[in-house]
Amino acid sequence: MPKPINEQVNALIGLIIPLGYAAMGYYLIDSASTIAASGVLSEDIAKVLGGLFIGYSLLKLYWAYRKWVRNQEEE
């Protein structure tokens, strides 16, 4: 029997949000020189912050995957 729709939506959101974090991290790394030129952040800080966003997204994806595996084992 399929899971309730709210659980399916929560699982989907659990995978989509980390992709947004990864996109933000990529943007920060890719445009670090532009951000530094505008005076918002230094280039090094923008790159480090981008790396943290990407690392966090990978961690969230791993957690979502482990939750999915655990749910598959329970069924």
# chains A, B, ... in the order shown; residues from 1 in each chain; ligands from 1
call {"tool": "residues_around", "arguments": {"residues": "A:Leu19", "least_positions_apart": "6", "cutoff": "9 Å", "atoms": "only C-alpha atoms", "output": "number ranges by chain"}}
result
A: 54, 57-58, 61
call {"tool": "atom_distance", "arguments": {"atom1": "atom CA of A:Phe53", "atom2": "atom CA of A:Leu28"}}
result
8.9 Å
call {"tool": "closest_residue", "arguments": {"among": "A:Ile13, A:Ile29, A:Ile5, A:Glu73", "to": "A:Gly51", "atoms": "only C-alpha atoms"}}
result
A:Ile29
call {"tool": "residues_around", "arguments": {"residues": "A:Leu59", "least_positions_apart": "3", "cutoff": "12 Å", "atoms": "only C-alpha atoms", "output": "PyMOL selection string"}}
result
chain A and resi 14-15+17-19+21-22+52-56+62-66
call {"tool": "write_last_selection", "arguments": {"atoms": "C-alpha atoms", "output": "PDB file, in the first residue's frame"}}
result
ATOM      1  CA  GLY A  14      13.724  16.524   1.904  1.00  0.00           C
ATOM      2  CA  LEU A  15      15.501  15.942  -1.407  1.00  0.00           C
ATOM      3  CA  ILE A  17      15.874  21.625  -0.347  1.00  0.00           C
ATOM      4  CA  PRO A  18      19.463  20.288  -0.272  1.00  0.00           C
ATOM      5  CA  LEU A  19      19.669  20.852  -4.019  1.00  0.00           C
ATOM      6  CA  TYR A  21      21.645  24.675  -0.820  1.00  0.00           C
ATOM      7  CA  ALA A  22      24.045  23.141  -3.344  1.00  0.00           C
ATOM      8  CA  LEU A  52      29.937  25.030   3.563  1.00  0.00           C
ATOM      9  CA  PHE A  53      26.645  25.252   1.678  1.00  0.00           C
ATOM     10  CA  ILE A  54      27.688  22.412  -0.614  1.00  0.00           C
ATOM     11  CA  GLY A  55      28.914  20.311   2.318  1.00  0.00           C
ATOM     12  CA  TYR A  56      25.676  20.857   4.203  1.00  0.00           C
ATOM     13  CA  TYR A  62      22.911  11.572   2.922  1.00  0.00           C
ATOM     14  CA  TRP A  63      20.447  11.884   5.812  1.00  0.00           C
ATOM     15  CA  ALA A  64      17.496  11.730   3.409  1.00  0.00           C
ATOM     16  CA  TYR A  65      18.994   8.674   1.722  1.00  0.00           C
ATOM     17  CA  ARG A  66      19.572   6.906   5.055  1.00  0.00           C
TER      18      ARG A  66
END
call {"tool": "atom_distance", "arguments": {"atom1": "atom CA of A:Tyr26", "atom2": "atom CA of A:Glu7"}}
result
29.5 Å
call {"tool": "atom_distance", "arguments": {"atom1": "atom CA of A:Glu75", "atom2": "atom CA of A:Ala11"}}
result
15.9 Å
call {"tool": "residues_around", "arguments": {"residues": "A:Ala46", "least_positions_apart": "4", "cutoff": "8 Å", "atoms": "only C-alpha atoms", "output": "tab-separated table (two decimals) with N, CA and C atoms, in the first residue's frame"}}
result
chain	number	residue	atom	x	y	z
A	28	LEU	N	27.91	30.94	-4.90
A	28	LEU	CA	28.88	31.68	-4.10
A	28	LEU	C	30.30	31.43	-4.57
A	29	ILE	N	30.61	30.18	-4.88
A	29	ILE	CA	31.96	29.86	-5.34
A	29	ILE	C	32.21	30.44	-6.73
A	32	ALA	N	32.44	34.44	-6.69
A	32	ALA	CA	33.14	35.00	-5.53
A	32	ALA	C	33.86	36.31	-5.88
A	35	ILE	N	31.24	39.09	-6.09
A	35	ILE	CA	30.78	39.44	-4.74
A	35	ILE	C	31.84	40.27	-4.02
A	36	ALA	N	33.10	39.89	-4.19
A	36	ALA	CA	34.19	40.64	-3.56
A	36	ALA	C	34.31	42.05	-4.16
A	41	LEU	N	31.30	40.52	0.52
A	41	LEU	CA	32.17	39.56	1.20
A	41	LEU	C	33.53	39.55	0.50
A	42	SER	N	34.54	39.09	1.21
A	42	SER	CA	35.81	38.90	0.52
A	42	SER	C	35.72	37.63	-0.33
A	50	GLY	N	30.51	29.13	0.33
A	50	GLY	CA	29.97	28.27	-0.72
A	50	GLY	C	30.28	26.81	-0.47
call {"tool": "decode", "arguments": {"residues": "stretch 47-58 of chain A", "atoms": "all heavy atoms", "output": "JSON list (two decimals), in the first residue's frame"}}
result
[["chain", "number", "residue", "atom", "x", "y", "z"],
["A", 47, "LYS", "N", 34.05, 31.89, -1.01],
["A", 47, "LYS", "CA", 34.37, 30.51, -1.42],
["A", 47, "LYS", "C", 34.19, 29.54, -0.26],
["A", 47, "LYS", "O", 33.66, 28.44, -0.43],
["A", 47, "LYS", "CB", 35.78, 30.44, -1.98],
["A", 47, "LYS", "CG", 35.89, 31.06, -3.36],
["A", 47, "LYS", "CD", 37.29, 30.94, -3.91],
["A", 47, "LYS", "CE", 37.37, 31.56, -5.29],
["A", 47, "LYS", "NZ", 38.70, 31.46, -5.87],
["A", 48, "VAL", "N", 34.63, 29.94, 0.92],
["A", 48, "VAL", "CA", 34.46, 29.07, 2.10],
["A", 48, "VAL", "C", 32.98, 28.89, 2.41],
["A", 48, "VAL", "O", 32.53, 27.77, 2.68],
["A", 48, "VAL", "CB", 35.22, 29.65, 3.31],
["A", 48, "VAL", "CG1", 34.82, 28.94, 4.60],
["A", 48, "VAL", "CG2", 36.71, 29.56, 3.10],
["A", 49, "LEU", "N", 32.23, 29.97, 2.36],
["A", 49, "LEU", "CA", 30.79, 29.88, 2.62],
["A", 49, "LEU", "C", 30.10, 29.01, 1.57],
["A", 49, "LEU", "O", 29.23, 28.20, 1.91],
["A", 49, "LEU", "CB", 30.19, 31.29, 2.63],
["A", 49, "LEU", "CG", 28.77, 31.44, 3.13],
["A", 49, "LEU", "CD1", 28.65, 30.93, 4.56],
["A", 49, "LEU", "CD2", 28.35, 32.90, 3.05],
["A", 50, "GLY", "N", 30.51, 29.13, 0.33],
["A", 50, "GLY", "CA", 29.97, 28.27, -0.72],
["A", 50, "GLY", "C", 30.28, 26.81, -0.47],
["A", 50, "GLY", "O", 29.43, 25.93, -0.65],
["A", 51, "GLY", "N", 31.50, 26.53, -0.04],
["A", 51, "GLY", "CA", 31.87, 25.16, 0.30],
["A", 51, "GLY", "C", 31.05, 24.61, 1.45],
["A", 51, "GLY", "O", 30.67, 23.44, 1.47],
["A", 52, "LEU", "N", 30.76, 25.46, 2.44],
["A", 52, "LEU", "CA", 29.94, 25.03, 3.56],
["A", 52, "LEU", "C", 28.51, 24.71, 3.11],
["A", 52, "LEU", "O", 27.91, 23.74, 3.57],
["A", 52, "LEU", "CB", 29.92, 26.10, 4.66],
["A", 52, "LEU", "CG", 31.23, 26.26, 5.43],
["A", 52, "LEU", "CD1", 31.13, 27.46, 6.37],
["A", 52, "LEU", "CD2", 31.55, 25.00, 6.20],
["A", 53, "PHE", "N", 27.97, 25.53, 2.21],
["A", 53, "PHE", "CA", 26.65, 25.25, 1.68],
["A", 53, "PHE", "C", 26.63, 23.91, 0.94],
["A", 53, "PHE", "O", 25.70, 23.12, 1.10],
["A", 53, "PHE", "CB", 26.19, 26.37, 0.73],
["A", 53, "PHE", "CG", 25.44, 27.48, 1.40],
["A", 53, "PHE", "CD1", 26.08, 28.66, 1.73],
["A", 53, "PHE", "CD2", 24.10, 27.35, 1.68],
["A", 53, "PHE", "CE1", 25.40, 29.70, 2.34],
["A", 53, "PHE", "CE2", 23.41, 28.38, 2.29],
["A", 53, "PHE", "CZ", 24.06, 29.55, 2.62],
["A", 54, "ILE", "N", 27.64, 23.67, 0.13],
["A", 54, "ILE", "CA", 27.69, 22.41, -0.61],
["A", 54, "ILE", "C", 27.87, 21.24, 0.34],
["A", 54, "ILE", "O", 27.21, 20.19, 0.20],
["A", 54, "ILE", "CB", 28.80, 22.46, -1.67],
["A", 54, "ILE", "CG1", 28.40, 23.43, -2.78],
["A", 54, "ILE", "CG2", 29.09, 21.08, -2.24],
["A", 54, "ILE", "CD1", 29.46, 23.68, -3.81],
["A", 55, "GLY", "N", 28.73, 21.38, 1.33],
["A", 55, "GLY", "CA", 28.91, 20.31, 2.32],
["A", 55, "GLY", "C", 27.65, 20.01, 3.08],
["A", 55, "GLY", "O", 27.29, 18.85, 3.31],
["A", 56, "TYR", "N", 26.93, 21.06, 3.48],
["A", 56, "TYR", "CA", 25.68, 20.86, 4.20],
["A", 56, "TYR", "C", 24.64, 20.17, 3.32],
["A", 56, "TYR", "O", 23.90, 19.31, 3.79],
["A", 56, "TYR", "CB", 25.15, 22.20, 4.71],
["A", 56, "TYR", "CG", 23.88, 22.09, 5.52],
["A", 56, "TYR", "CD1", 23.89, 21.48, 6.77],
["A", 56, "TYR", "CD2", 22.68, 22.59, 5.04],
["A", 56, "TYR", "CE1", 22.73, 21.37, 7.52],
["A", 56, "TYR", "CE2", 21.52, 22.48, 5.78],
["A", 56, "TYR", "CZ", 21.55, 21.88, 7.02],
["A", 56, "TYR", "OH", 20.40, 21.76, 7.74],
["A", 57, "SER", "N", 24.61, 20.54, 2.04],
["A", 57, "SER", "CA", 23.64, 19.90, 1.14],
["A", 57, "SER", "C", 23.96, 18.41, 0.97],
["A", 57, "SER", "O", 23.04, 17.58, 0.94],
["A", 57, "SER", "CB", 23.60, 20.59, -0.21],
["A", 57, "SER", "OG", 24.78, 20.33, -0.94],
["A", 58, "LEU", "N", 25.24, 18.08, 0.89],
["A", 58, "LEU", "CA", 25.61, 16.67, 0.79],
["A", 58, "LEU", "C", 25.23, 15.91, 2.05],
["A", 58, "LEU", "O", 24.76, 14.76, 1.99],
["A", 58, "LEU", "CB", 27.10, 16.54, 0.50],
["A", 58, "LEU", "CG", 27.56, 17.01, -0.86],
["A", 58, "LEU", "CD1", 29.09, 16.96, -0.95],
["A", 58, "LEU", "CD2", 26.94, 16.18, -1.95]]
